[in-house]
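Trainee: My file is coords19.pdb. It has PDB, C-alpha atoms:
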```pdb
ATOM      1  CA  MET Z  23       0.000   0.000   0.000  1.00  0.00           C
ATOM      2  CA  ASN Z  24       1.148   3.550  -0.749  1.00  0.00           C
ATOM      3  CA  ILE Z  25       0.726   5.968   2.143  1.00  0.00           C
ATOM      4  CA  GLY Z  26       1.338   9.700   2.076  1.00  0.00           C
ATOM      5  CA  PHE Z  27       2.476  10.795   5.531  1.00  0.00           C
ATOM      6  CA  ALA Z  28       2.231  14.581   5.837  1.00  0.00           C
ATOM      7  CA  ILE Z  29       3.834  16.357   8.777  1.00  0.00           C
ATOM      8  CA  THR Z  30       2.934  19.899   9.836  1.00  0.00           C
ATOM      9  CA  GLY Z  31       4.439  22.193  12.454  1.00  0.00           C
ATOM     10  CA  SER Z  32       3.157  20.826  15.758  1.00  0.00           C
ATOM     11  CA  PHE Z  33       6.740  20.096  16.805  1.00  0.00           C
ATOM     12  CA  CYS Z  34       5.871  18.956  20.337  1.00  0.00           C
ATOM     13  CA  THR Z  35       4.145  15.847  18.934  1.00  0.00           C
ATOM     14  CA  TYR Z  36       6.985  14.616  16.735  1.00  0.00           C
ATOM     15  CA  SER Z  37       8.228  12.237  19.429  1.00  0.00           C
ATOM     16  CA  LYS Z  38       4.897  10.391  19.103  1.00  0.00           C
ATOM     17  CA  VAL Z  39       4.436  10.792  15.336  1.00  0.00           C
ATOM     18  CA  PHE Z  40       7.770   9.513  14.045  1.00  0.00           C
ATOM     19  CA  PRO Z  41       7.490   6.083  15.748  1.00  0.00           C
ATOM     20  CA  VAL Z  42       4.178   5.583  13.912  1.00  0.00           C
ATOM     21  CA  MET Z  43       5.825   6.543  10.614  1.00  0.00           C
ATOM     22  CA  GLU Z  44       8.567   4.027  11.345  1.00  0.00           C
ATOM     23  CA  GLU Z  45       6.028   1.319  12.205  1.00  0.00           C
ATOM     24  CA  LEU Z  46       4.025   1.874   9.014  1.00  0.00           C
ATOM     25  CA  SER Z  47       7.168   1.964   6.876  1.00  0.00           C
ATOM     26  CA  ARG Z  48       7.905  -1.670   7.772  1.00  0.00           C
ATOM     27  CA  ASP Z  49       4.909  -2.924   5.786  1.00  0.00           C
ATOM     28  CA  HIS Z  50       4.032  -0.074   3.423  1.00  0.00           C
ATOM     29  CA  ARG Z  51       5.589   2.369   0.990  1.00  0.00           C
ATOM     30  CA  ILE Z  52       5.557   5.747   2.722  1.00  0.00           C
ATOM     31  CA  ILE Z  53       5.871   9.027   0.849  1.00  0.00           C
ATOM     32  CA  PRO Z  54       6.790  11.666   3.436  1.00  0.00           C
ATOM     33  CA  ILE Z  55       5.440  15.182   2.903  1.00  0.00           C
ATOM     34  CA  PHE Z  56       6.581  18.161   4.982  1.00  0.00           C
ATOM     35  CA  SER Z  57       4.873  21.496   5.445  1.00  0.00           C
ATOM     36  CA  ASP Z  58       7.018  24.598   5.065  1.00  0.00           C
ATOM     37  CA  ALA Z  59       7.334  24.875   8.858  1.00  0.00           C
ATOM     38  CA  ALA Z  60       8.183  21.199   9.329  1.00  0.00           C
ATOM     39  CA  TYR Z  61      10.828  21.451   6.609  1.00  0.00           C
ATOM     40  CA  THR Z  62      12.508  24.673   7.752  1.00  0.00           C
ATOM     41  CA  VAL Z  63      11.882  25.506  11.419  1.00  0.00           C
ATOM     42  CA  ASP Z  64      14.323  24.511  14.133  1.00  0.00           C
ATOM     43  CA  SER Z  65      12.574  24.349  17.502  1.00  0.00           C
ATOM     44  CA  ARG Z  66      13.273  23.236  21.038  1.00  0.00           C
ATOM     45  CA  PHE Z  67      11.999  19.836  19.875  1.00  0.00           C
ATOM     46  CA  GLY Z  68      14.803  19.436  17.326  1.00  0.00           C
ATOM     47  CA  ALA Z  69      16.280  20.836  14.157  1.00  0.00           C
ATOM     48  CA  ALA Z  70      14.371  20.589  10.906  1.00  0.00           C
ATOM     49  CA  GLN Z  71      17.261  18.704   9.295  1.00  0.00           C
ATOM     50  CA  GLU Z  72      17.066  16.070  12.057  1.00  0.00           C
ATOM     51  CA  HIS Z  73      13.370  15.501  11.348  1.00  0.00           C
ATOM     52  CA  ILE Z  74      13.994  15.349   7.604  1.00  0.00           C
ATOM     53  CA  ALA Z  75      16.777  12.804   8.107  1.00  0.00           C
ATOM     54  CA  ARG Z  76      14.562  10.694  10.345  1.00  0.00           C
ATOM     55  CA  ALA Z  77      11.752  10.593   7.779  1.00  0.00           C
ATOM     56  CA  GLN Z  78      14.237   9.827   5.039  1.00  0.00           C
ATOM     57  CA  GLN Z  79      15.687   6.956   7.079  1.00  0.00           C
ATOM     58  CA  PHE Z  80      12.284   5.341   7.677  1.00  0.00           C
ATOM     59  CA  CYS Z  81      10.829   5.971   4.225  1.00  0.00           C
ATOM     60  CA  GLN Z  82      13.971   5.563   2.113  1.00  0.00           C
ATOM     61  CA  ARG Z  83      13.203   8.760   0.249  1.00  0.00           C
ATOM     62  CA  HIS Z  84      13.548  12.510   0.753  1.00  0.00           C
ATOM     63  CA  PRO Z  85      10.327  14.230   1.893  1.00  0.00           C
ATOM     64  CA  LEU Z  86       8.294  16.116  -0.660  1.00  0.00           C
ATOM     65  CA  HIS Z  87       8.185  19.733   0.492  1.00  0.00           C
ATOM     66  CA  THR Z  88       7.014  21.948  -2.353  1.00  0.00           C
ATOM     67  CA  ILE Z  89       3.648  22.441  -4.016  1.00  0.00           C
ATOM     68  CA  SER Z  90       5.069  21.385  -7.381  1.00  0.00           C
ATOM     69  CA  GLU Z  91       6.383  18.122  -5.883  1.00  0.00           C
ATOM     70  CA  VAL Z  92       3.014  17.105  -4.386  1.00  0.00           C
ATOM     71  CA  GLU Z  93       0.691  18.257  -7.168  1.00  0.00           C
ATOM     72  CA  PRO Z  94       1.136  15.002  -9.197  1.00  0.00           C
ATOM     73  CA  ILE Z  95      -0.159  12.895  -6.272  1.00  0.00           C
ATOM     74  CA  GLY Z  96      -3.719  12.999  -7.623  1.00  0.00           C
ATOM     75  CA  PRO Z  97      -3.176  12.842 -11.378  1.00  0.00           C
ATOM     76  CA  LYS Z  98      -0.730   9.939 -10.988  1.00  0.00           C
ATOM     77  CA  LYS Z  99      -2.854   8.247  -8.284  1.00  0.00           C
ATOM     78  CA  LEU Z 100       0.246   7.848  -6.104  1.00  0.00           C
ATOM     79  CA  LEU Z 101      -1.486   7.211  -2.762  1.00  0.00           C
ATOM     80  CA  ASP Z 102      -4.054   4.863  -1.298  1.00  0.00           C
ATOM     81  CA  ILE Z 103      -4.414   7.122   1.746  1.00  0.00           C
ATOM     82  CA  LEU Z 104      -2.991  10.434   2.948  1.00  0.00           C
ATOM     83  CA  ILE Z 105      -2.283  10.774   6.662  1.00  0.00           C
ATOM     84  CA  ILE Z 106      -1.762  14.276   8.078  1.00  0.00           C
ATOM     85  CA  ALA Z 107      -0.066  13.813  11.435  1.00  0.00           C
ATOM     86  CA  PRO Z 108       0.228  16.082  13.242  1.00  0.00           C
ATOM     87  CA  CYS Z 109      -2.382  18.370  11.705  1.00  0.00           C
ATOM     88  CA  THR Z 110      -2.216  21.900  13.099  1.00  0.00           C
ATOM     89  CA  GLY Z 111      -5.136  24.290  13.470  1.00  0.00           C
ATOM     90  CA  ASN Z 112      -3.736  26.291  10.561  1.00  0.00           C
ATOM     91  CA  THR Z 113      -3.814  23.257   8.278  1.00  0.00           C
ATOM     92  CA  LEU Z 114      -7.298  22.311   9.525  1.00  0.00           C
ATOM     93  CA  ALA Z 115      -8.550  25.790   8.604  1.00  0.00           C
ATOM     94  CA  LYS Z 116      -7.060  25.627   5.133  1.00  0.00           C
ATOM     95  CA  LEU Z 117      -8.499  22.158   4.486  1.00  0.00           C
ATOM     96  CA  ALA Z 118     -11.932  23.226   5.772  1.00  0.00           C
ATOM     97  CA  HIS Z 119     -11.925  26.193   3.393  1.00  0.00           C
ATOM     98  CA  SER Z 120     -10.390  24.341   0.420  1.00  0.00           C
ATOM     99  CA  ILE Z 121      -7.218  26.429   0.451  1.00  0.00           C
ATOM    100  CA  ALA Z 122      -4.327  24.632  -1.229  1.00  0.00           C
ATOM    101  CA  ASP Z 123      -1.372  26.964  -0.755  1.00  0.00           C
ATOM    102  CA  THR Z 124       1.021  24.672   1.135  1.00  0.00           C
ATOM    103  CA  PRO Z 125       2.596  21.313   0.260  1.00  0.00           C
ATOM    104  CA  VAL Z 126       0.306  19.513   2.724  1.00  0.00           C
ATOM    105  CA  THR Z 127      -2.947  21.169   1.661  1.00  0.00           C
ATOM    106  CA  MET Z 128      -2.080  20.741  -2.019  1.00  0.00           C
ATOM    107  CA  ALA Z 129      -1.298  17.071  -1.387  1.00  0.00           C
ATOM    108  CA  ALA Z 130      -4.747  16.684   0.191  1.00  0.00           C
ATOM    109  CA  LYS Z 131      -6.515  18.515  -2.642  1.00  0.00           C
ATOM    110  CA  SER Z 132      -4.677  16.512  -5.275  1.00  0.00           C
ATOM    111  CA  HIS Z 133      -5.298  13.213  -3.477  1.00  0.00           C
ATOM    112  CA  LEU Z 134      -9.006  13.902  -2.876  1.00  0.00           C
ATOM    113  CA  ARG Z 135      -9.683  14.202  -6.602  1.00  0.00           C
ATOM    114  CA  ASN Z 136      -9.504  10.398  -6.673  1.00  0.00           C
ATOM    115  CA  GLY Z 137     -12.061   9.951  -3.880  1.00  0.00           C
ATOM    116  CA  ARG Z 138      -9.490   8.388  -1.581  1.00  0.00           C
ATOM    117  CA  PRO Z 139      -9.300   8.913   2.197  1.00  0.00           C
ATOM    118  CA  VAL Z 140      -7.478  11.640   4.094  1.00  0.00           C
ATOM    119  CA  LEU Z 141      -6.805  10.760   7.733  1.00  0.00           C
ATOM    120  CA  ILE Z 142      -6.286  13.691  10.098  1.00  0.00           C
ATOM    121  CA  ALA Z 143      -4.465  13.491  13.433  1.00  0.00           C
ATOM    122  CA  VAL Z 144      -5.336  16.775  15.151  1.00  0.00           C
ATOM    123  CA  SER Z 145      -2.867  18.711  17.278  1.00  0.00           C
ATOM    124  CA  THR Z 146      -4.014  22.230  18.058  1.00  0.00           C
ATOM    125  CA  ASN Z 147      -4.276  24.479  21.082  1.00  0.00           C
ATOM    126  CA  ASP Z 148      -7.638  25.865  19.934  1.00  0.00           C
ATOM    127  CA  ALA Z 149      -9.560  22.705  18.975  1.00  0.00           C
ATOM    128  CA  LEU Z 150     -12.322  23.656  21.413  1.00  0.00           C
ATOM    129  CA  ALA Z 151     -12.247  27.301  20.327  1.00  0.00           C
ATOM    130  CA  GLY Z 152     -11.545  28.709  16.863  1.00  0.00           C
ATOM    131  CA  ALA Z 153     -10.582  25.377  15.269  1.00  0.00           C
ATOM    132  CA  ALA Z 154     -13.760  23.610  16.429  1.00  0.00           C
ATOM    133  CA  GLU Z 155     -15.691  24.969  13.454  1.00  0.00           C
ATOM    134  CA  ASN Z 156     -13.082  23.613  11.048  1.00  0.00           C
ATOM    135  CA  ILE Z 157     -13.022  20.190  12.689  1.00  0.00           C
ATOM    136  CA  GLY Z 158     -16.817  20.127  12.363  1.00  0.00           C
ATOM    137  CA  LYS Z 159     -16.676  21.057   8.693  1.00  0.00           C
ATOM    138  CA  LEU Z 160     -14.209  18.293   7.922  1.00  0.00           C
ATOM    139  CA  LEU Z 161     -16.141  15.719   9.952  1.00  0.00           C
ATOM    140  CA  SER Z 162     -19.111  16.312   7.656  1.00  0.00           C
ATOM    141  CA  ARG Z 163     -17.114  15.994   4.422  1.00  0.00           C
ATOM    142  CA  LYS Z 164     -16.759  12.885   2.377  1.00  0.00           C
ATOM    143  CA  HIS Z 165     -13.334  11.183   2.407  1.00  0.00           C
ATOM    144  CA  TYR Z 166     -12.072  12.943   5.559  1.00  0.00           C
ATOM    145  CA  PHE Z 167     -11.499  10.791   8.632  1.00  0.00           C
ATOM    146  CA  PHE Z 168     -10.008  11.544  12.037  1.00  0.00           C
ATOM    147  CA  VAL Z 169      -7.673   9.735  14.378  1.00  0.00           C
ATOM    148  CA  PRO Z 170      -9.361   9.713  17.816  1.00  0.00           C
ATOM    149  CA  PHE Z 171      -8.425  12.779  19.855  1.00  0.00           C
ATOM    150  CA  GLY Z 172      -8.940  14.338  23.242  1.00  0.00           C
ATOM    151  CA  GLN Z 173      -7.862  17.087  25.587  1.00  0.00           C
ATOM    152  CA  ASP Z 174      -4.171  16.848  26.381  1.00  0.00           C
ATOM    153  CA  ASP Z 175      -4.117  19.285  29.335  1.00  0.00           C
ATOM    154  CA  PRO Z 176      -7.682  20.229  30.362  1.00  0.00           C
ATOM    155  CA  LEU Z 177      -6.618  22.475  33.239  1.00  0.00           C
ATOM    156  CA  GLY Z 178      -3.548  24.136  31.730  1.00  0.00           C
ATOM    157  CA  LYS Z 179      -4.795  24.368  28.131  1.00  0.00           C
ATOM    158  CA  PRO Z 180      -8.587  23.912  28.251  1.00  0.00           C
ATOM    159  CA  THR Z 181      -9.171  24.341  24.491  1.00  0.00           C
ATOM    160  CA  SER Z 182      -6.258  22.163  23.344  1.00  0.00           C
ATOM    161  CA  MET Z 183      -6.738  18.718  21.817  1.00  0.00           C
ATOM    162  CA  VAL Z 184      -4.343  16.171  20.395  1.00  0.00           C
ATOM    163  CA  ALA Z 185      -4.788  12.907  18.536  1.00  0.00           C
ATOM    164  CA  ASP Z 186      -3.991   9.518  19.982  1.00  0.00           C
ATOM    165  CA  PHE Z 187      -1.140   8.984  17.525  1.00  0.00           C
ATOM    166  CA  ALA Z 188      -0.773   5.318  18.518  1.00  0.00           C
ATOM    167  CA  ALA Z 189      -4.262   4.782  17.039  1.00  0.00           C
ATOM    168  CA  ILE Z 190      -3.172   5.856  13.535  1.00  0.00           C
ATOM    169  CA  PRO Z 191      -2.813   2.291  12.161  1.00  0.00           C
ATOM    170  CA  GLU Z 192      -6.271   1.298  13.412  1.00  0.00           C
ATOM    171  CA  ALA Z 193      -7.842   4.558  12.207  1.00  0.00           C
ATOM    172  CA  MET Z 194      -6.126   4.095   8.840  1.00  0.00           C
ATOM    173  CA  ALA Z 195      -7.602   0.616   8.424  1.00  0.00           C
ATOM    174  CA  ALA Z 196     -11.077   1.974   9.163  1.00  0.00           C
ATOM    175  CA  ALA Z 197     -10.651   4.938   6.797  1.00  0.00           C
ATOM    176  CA  LEU Z 198      -9.587   2.611   3.995  1.00  0.00           C
ATOM    177  CA  GLU Z 199     -12.907   0.803   4.551  1.00  0.00           C
ATOM    178  CA  GLY Z 200     -14.740   4.149   4.366  1.00  0.00           C
ATOM    179  CA  ARG Z 201     -15.635   4.378   8.055  1.00  0.00           C
ATOM    180  CA  GLN Z 202     -14.713   6.614  10.951  1.00  0.00           C
ATOM    181  CA  ILE Z 203     -13.069   4.789  13.844  1.00  0.00           C
ATOM    182  CA  GLN Z 204     -15.045   5.070  17.079  1.00  0.00           C
ATOM    183  CA  PRO Z 205     -15.046   6.396  19.672  1.00  0.00           C
ATOM    184  CA  LEU Z 206     -13.740   9.564  18.112  1.00  0.00           C
ATOM    185  CA  LEU Z 207     -13.278  11.449  21.371  1.00  0.00           C
ATOM    186  CA  ARG Z 208     -10.936   9.928  23.946  1.00  0.00           C
TER     187      ARG Z 208
END
```
Write out the structure in this file as structure tokens.
Mentor:
Amino acid sequence: MNIGFAITGSFCTYSKVFPVMEELSRDHRIIPIFSDAAYTVDSRFGAAQEHIARAQQFCQRHPLHTISEVEPIGPKKLLDILIIAPCTGNTLAKLAHSIADTPVTMAAKSHLRNGRPVLIAVSTNDALAGAAENIGKLLSRKHYFFVPFGQDDPLGKPTSMVADFAAIPEAMAAALEGRQIQPLLR
């Protein structure tokens, strides 16, 4: 199976996301896709080049990181599923409003033209505030599926939610069957 694995700039989740990428790469062909932030920003969670090297090691290919590199995903039918993990509030908003101005959102737009699933693993500090509307919009759209998610720090960050990244393989299997894994909220 061919899996697109798109990474956006929720750097604090990378320690949970990359092990899932590694796990999936054992049995599937993974095409890594990096947002502009994921590809260029060094943070307290590691340097961009370290993350790129890690993805390259697991996937045996350099991440796609430009709009022109990801645009052929749809026309060439390169993917069976596109996973966006982590998916920031910014990316959620763009997907909900059909804006394709980043490598990740263009990958999704291109992939969706074939009626194939996009699996979203949310990681945003405003999931229960400004991003809630966008999550709702995507939940009601065909071909979008979510990895189960929940509040990561209800007292310290009451509007923040993050996906259960360990559930990506199970959520992926369900999405490939055209169904949303349940329960969605954990």
Trainee: Which value, in Å to one decimal, gives the distance between atom CA of Ala77 of chain Z and atom CA of Asn24 of chain Z?
Mentor: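 Between atom CA of Ala77 of chain Z and atom CA of Asn24 of chain Z the gap is 15.3 Å.
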Trainee: Residues near Thr146 of chain Z, anyone? I mean within 12 Å using only C-alpha atoms, not counting same-chain ones fewer than 3 positions away, as a ChimeraX atom specification.
Mentor: /Z:30-35,107-115,142-143,149-154,156-157,171-175,179-185
Trainee: Residues of the last selection are to be written out with C-alpha atoms, as a PDB file, keeping the file's coordinate frame.
Mentor:
```pdb
ATOM      1  CA  THR Z  30       2.934  19.899   9.836  1.00  0.00           C
ATOM      2  CA  GLY Z  31       4.439  22.193  12.454  1.00  0.00           C
ATOM      3  CA  SER Z  32       3.157  20.826  15.758  1.00  0.00           C
ATOM      4  CA  PHE Z  33       6.740  20.096  16.805  1.00  0.00           C
ATOM      5  CA  CYS Z  34       5.871  18.956  20.337  1.00  0.00           C
ATOM      6  CA  THR Z  35       4.145  15.847  18.934  1.00  0.00           C
ATOM      7  CA  ALA Z 107      -0.066  13.813  11.435  1.00  0.00           C
ATOM      8  CA  PRO Z 108       0.228  16.082  13.242  1.00  0.00           C
ATOM      9  CA  CYS Z 109      -2.382  18.370  11.705  1.00  0.00           C
ATOM     10  CA  THR Z 110      -2.216  21.900  13.099  1.00  0.00           C
ATOM     11  CA  GLY Z 111      -5.136  24.290  13.470  1.00  0.00           C
ATOM     12  CA  ASN Z 112      -3.736  26.291  10.561  1.00  0.00           C
ATOM     13  CA  THR Z 113      -3.814  23.257   8.278  1.00  0.00           C
ATOM     14  CA  LEU Z 114      -7.298  22.311   9.525  1.00  0.00           C
ATOM     15  CA  ALA Z 115      -8.550  25.790   8.604  1.00  0.00           C
ATOM     16  CA  ILE Z 142      -6.286  13.691  10.098  1.00  0.00           C
ATOM     17  CA  ALA Z 143      -4.465  13.491  13.433  1.00  0.00           C
ATOM     18  CA  ALA Z 149      -9.560  22.705  18.975  1.00  0.00           C
ATOM     19  CA  LEU Z 150     -12.322  23.656  21.413  1.00  0.00           C
ATOM     20  CA  ALA Z 151     -12.247  27.301  20.327  1.00  0.00           C
ATOM     21  CA  GLY Z 152     -11.545  28.709  16.863  1.00  0.00           C
ATOM     22  CA  ALA Z 153     -10.582  25.377  15.269  1.00  0.00           C
ATOM     23  CA  ALA Z 154     -13.760  23.610  16.429  1.00  0.00           C
ATOM     24  CA  ASN Z 156     -13.082  23.613  11.048  1.00  0.00           C
ATOM     25  CA  ILE Z 157     -13.022  20.190  12.689  1.00  0.00           C
ATOM     26  CA  PHE Z 171      -8.425  12.779  19.855  1.00  0.00           C
ATOM     27  CA  GLY Z 172      -8.940  14.338  23.242  1.00  0.00           C
ATOM     28  CA  GLN Z 173      -7.862  17.087  25.587  1.00  0.00           C
ATOM     29  CA  ASP Z 174      -4.171  16.848  26.381  1.00  0.00           C
ATOM     30  CA  ASP Z 175      -4.117  19.285  29.335  1.00  0.00           C
ATOM     31  CA  LYS Z 179      -4.795  24.368  28.131  1.00  0.00           C
ATOM     32  CA  PRO Z 180      -8.587  23.912  28.251  1.00  0.00           C
ATOM     33  CA  THR Z 181      -9.171  24.341  24.491  1.00  0.00           C
ATOM     34  CA  SER Z 182      -6.258  22.163  23.344  1.00  0.00           C
ATOM     35  CA  MET Z 183      -6.738  18.718  21.817  1.00  0.00           C
ATOM     36  CA  VAL Z 184      -4.343  16.171  20.395  1.00  0.00           C
ATOM     37  CA  ALA Z 185      -4.788  12.907  18.536  1.00  0.00           C
TER      38      ALA Z 185
END
```
Trainee: I'd like the residues picked by the PyMOL selection byres ((chain Z and resi 120) around 12) written out as a list of chain:residue names, using the chain letters and numbers from the file.
Mentor: Z:Thr113, Z:Leu114, Z:Ala115, Z:Lys116, Z:Leu117, Z:Ala118, Z:His119, Z:Ile121, Z:Ala122, Z:Asp123, Z:Thr124, Z:Val126, Z:Thr127, Z:Met128, Z:Ala129, Z:Ala130, Z:Lys131, Z:Ser132, Z:Leu134, Z:Asn156, Z:Lys159, Z:Leu160, Z:Arg163
Trainee: So which one's closest to Arg76 of chain Z, Z:Gly178, Z:Gly137, Z:Gly158, Z:Pro41? Using all atoms listed in the file, please.
Mentor: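 Among the listed residues, Z:Pro41 lies closest to Arg76 of chain Z.
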Trainee: Give the answer as one residue: which of Z:Ile106, Z:Met23, Z:Leu46, Z:Leu161 has the shortest atom-to-atom distance to Val144 of chain Z, using only C-alpha atoms?
Mentor: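 Under the stated criterion, the closest residue is Z:Ile106.
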Trainee: Restrict the calculation to only C-alpha atoms, then for each residue of segment 81-108 of chain Z with any atom at most 12 Å from an atom of segment 62-72 of chain Z give the closest atom pair and their distance in Å to one decimal, rows by chain and rising residue number, as CSV.
Mentor:
```
residue,atom,partner,partner_atom,distance
Z:His84,CA,Z:Gln71,CA,11.2
Z:Pro85,CA,Z:Gln71,CA,11.1
Z:His87,CA,Z:Thr62,CA,9.8
Z:Thr88,CA,Z:Thr62,CA,11.8
```
Trainee: Figure out the distance between atom CA of Ile29 of chain Z and atom CA of Ser57 of chain Z, please, to one decimal in Å.
Mentor: 6.2 Å
Trainee: N, CA and C atoms are what I want for segment 47-61 of chain Z; can you complete it accordingly and write them as a PDB file, in the coordinates of the input?
Mentor:
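Result saved to out00.pdb:
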```
ATOM      1  N   SER Z  47       6.196   2.152   7.965  1.00  0.00           N
ATOM      2  CA  SER Z  47       7.168   1.964   6.876  1.00  0.00           C
ATOM      3  C   SER Z  47       7.677   0.525   6.786  1.00  0.00           C
ATOM      4  N   ARG Z  48       7.465  -0.262   7.808  1.00  0.00           N
ATOM      5  CA  ARG Z  48       7.905  -1.670   7.772  1.00  0.00           C
ATOM      6  C   ARG Z  48       7.088  -2.492   6.788  1.00  0.00           C
ATOM      7  N   ASP Z  49       5.805  -2.128   6.633  1.00  0.00           N
ATOM      8  CA  ASP Z  49       4.909  -2.924   5.786  1.00  0.00           C
ATOM      9  C   ASP Z  49       4.353  -2.183   4.576  1.00  0.00           C
ATOM     10  N   HIS Z  50       4.628  -0.875   4.488  1.00  0.00           N
ATOM     11  CA  HIS Z  50       4.032  -0.074   3.423  1.00  0.00           C
ATOM     12  C   HIS Z  50       5.062   0.865   2.816  1.00  0.00           C
ATOM     13  N   ARG Z  51       4.764   1.338   1.627  1.00  0.00           N
ATOM     14  CA  ARG Z  51       5.589   2.369   0.990  1.00  0.00           C
ATOM     15  C   ARG Z  51       5.074   3.711   1.489  1.00  0.00           C
ATOM     16  N   ILE Z  52       5.937   4.448   2.164  1.00  0.00           N
ATOM     17  CA  ILE Z  52       5.557   5.747   2.722  1.00  0.00           C
ATOM     18  C   ILE Z  52       6.197   6.854   1.898  1.00  0.00           C
ATOM     19  N   ILE Z  53       5.378   7.819   1.503  1.00  0.00           N
ATOM     20  CA  ILE Z  53       5.871   9.027   0.849  1.00  0.00           C
ATOM     21  C   ILE Z  53       5.748  10.152   1.865  1.00  0.00           C
ATOM     22  N   PRO Z  54       6.868  10.589   2.448  1.00  0.00           N
ATOM     23  CA  PRO Z  54       6.790  11.666   3.436  1.00  0.00           C
ATOM     24  C   PRO Z  54       6.580  13.019   2.763  1.00  0.00           C
ATOM     25  N   ILE Z  55       5.752  13.841   3.394  1.00  0.00           N
ATOM     26  CA  ILE Z  55       5.440  15.182   2.903  1.00  0.00           C
ATOM     27  C   ILE Z  55       5.591  16.130   4.079  1.00  0.00           C
ATOM     28  N   PHE Z  56       6.358  17.194   3.908  1.00  0.00           N
ATOM     29  CA  PHE Z  56       6.581  18.161   4.982  1.00  0.00           C
ATOM     30  C   PHE Z  56       5.980  19.501   4.624  1.00  0.00           C
ATOM     31  N   SER Z  57       5.319  20.113   5.617  1.00  0.00           N
ATOM     32  CA  SER Z  57       4.873  21.496   5.445  1.00  0.00           C
ATOM     33  C   SER Z  57       6.106  22.397   5.428  1.00  0.00           C
ATOM     34  N   ASP Z  58       5.903  23.646   5.070  1.00  0.00           N
ATOM     35  CA  ASP Z  58       7.018  24.598   5.065  1.00  0.00           C
ATOM     36  C   ASP Z  58       7.640  24.689   6.459  1.00  0.00           C
ATOM     37  N   ALA Z  59       6.812  24.769   7.488  1.00  0.00           N
ATOM     38  CA  ALA Z  59       7.334  24.875   8.858  1.00  0.00           C
ATOM     39  C   ALA Z  59       8.089  23.608   9.247  1.00  0.00           C
ATOM     40  N   ALA Z  60       7.523  22.460   8.978  1.00  0.00           N
ATOM     41  CA  ALA Z  60       8.183  21.199   9.329  1.00  0.00           C
ATOM     42  C   ALA Z  60       9.531  21.064   8.625  1.00  0.00           C
ATOM     43  N   TYR Z  61       9.610  21.591   7.407  1.00  0.00           N
ATOM     44  CA  TYR Z  61      10.828  21.451   6.609  1.00  0.00           C
ATOM     45  C   TYR Z  61      11.906  22.469   6.970  1.00  0.00           C
TER      46      TYR Z  61
END
```
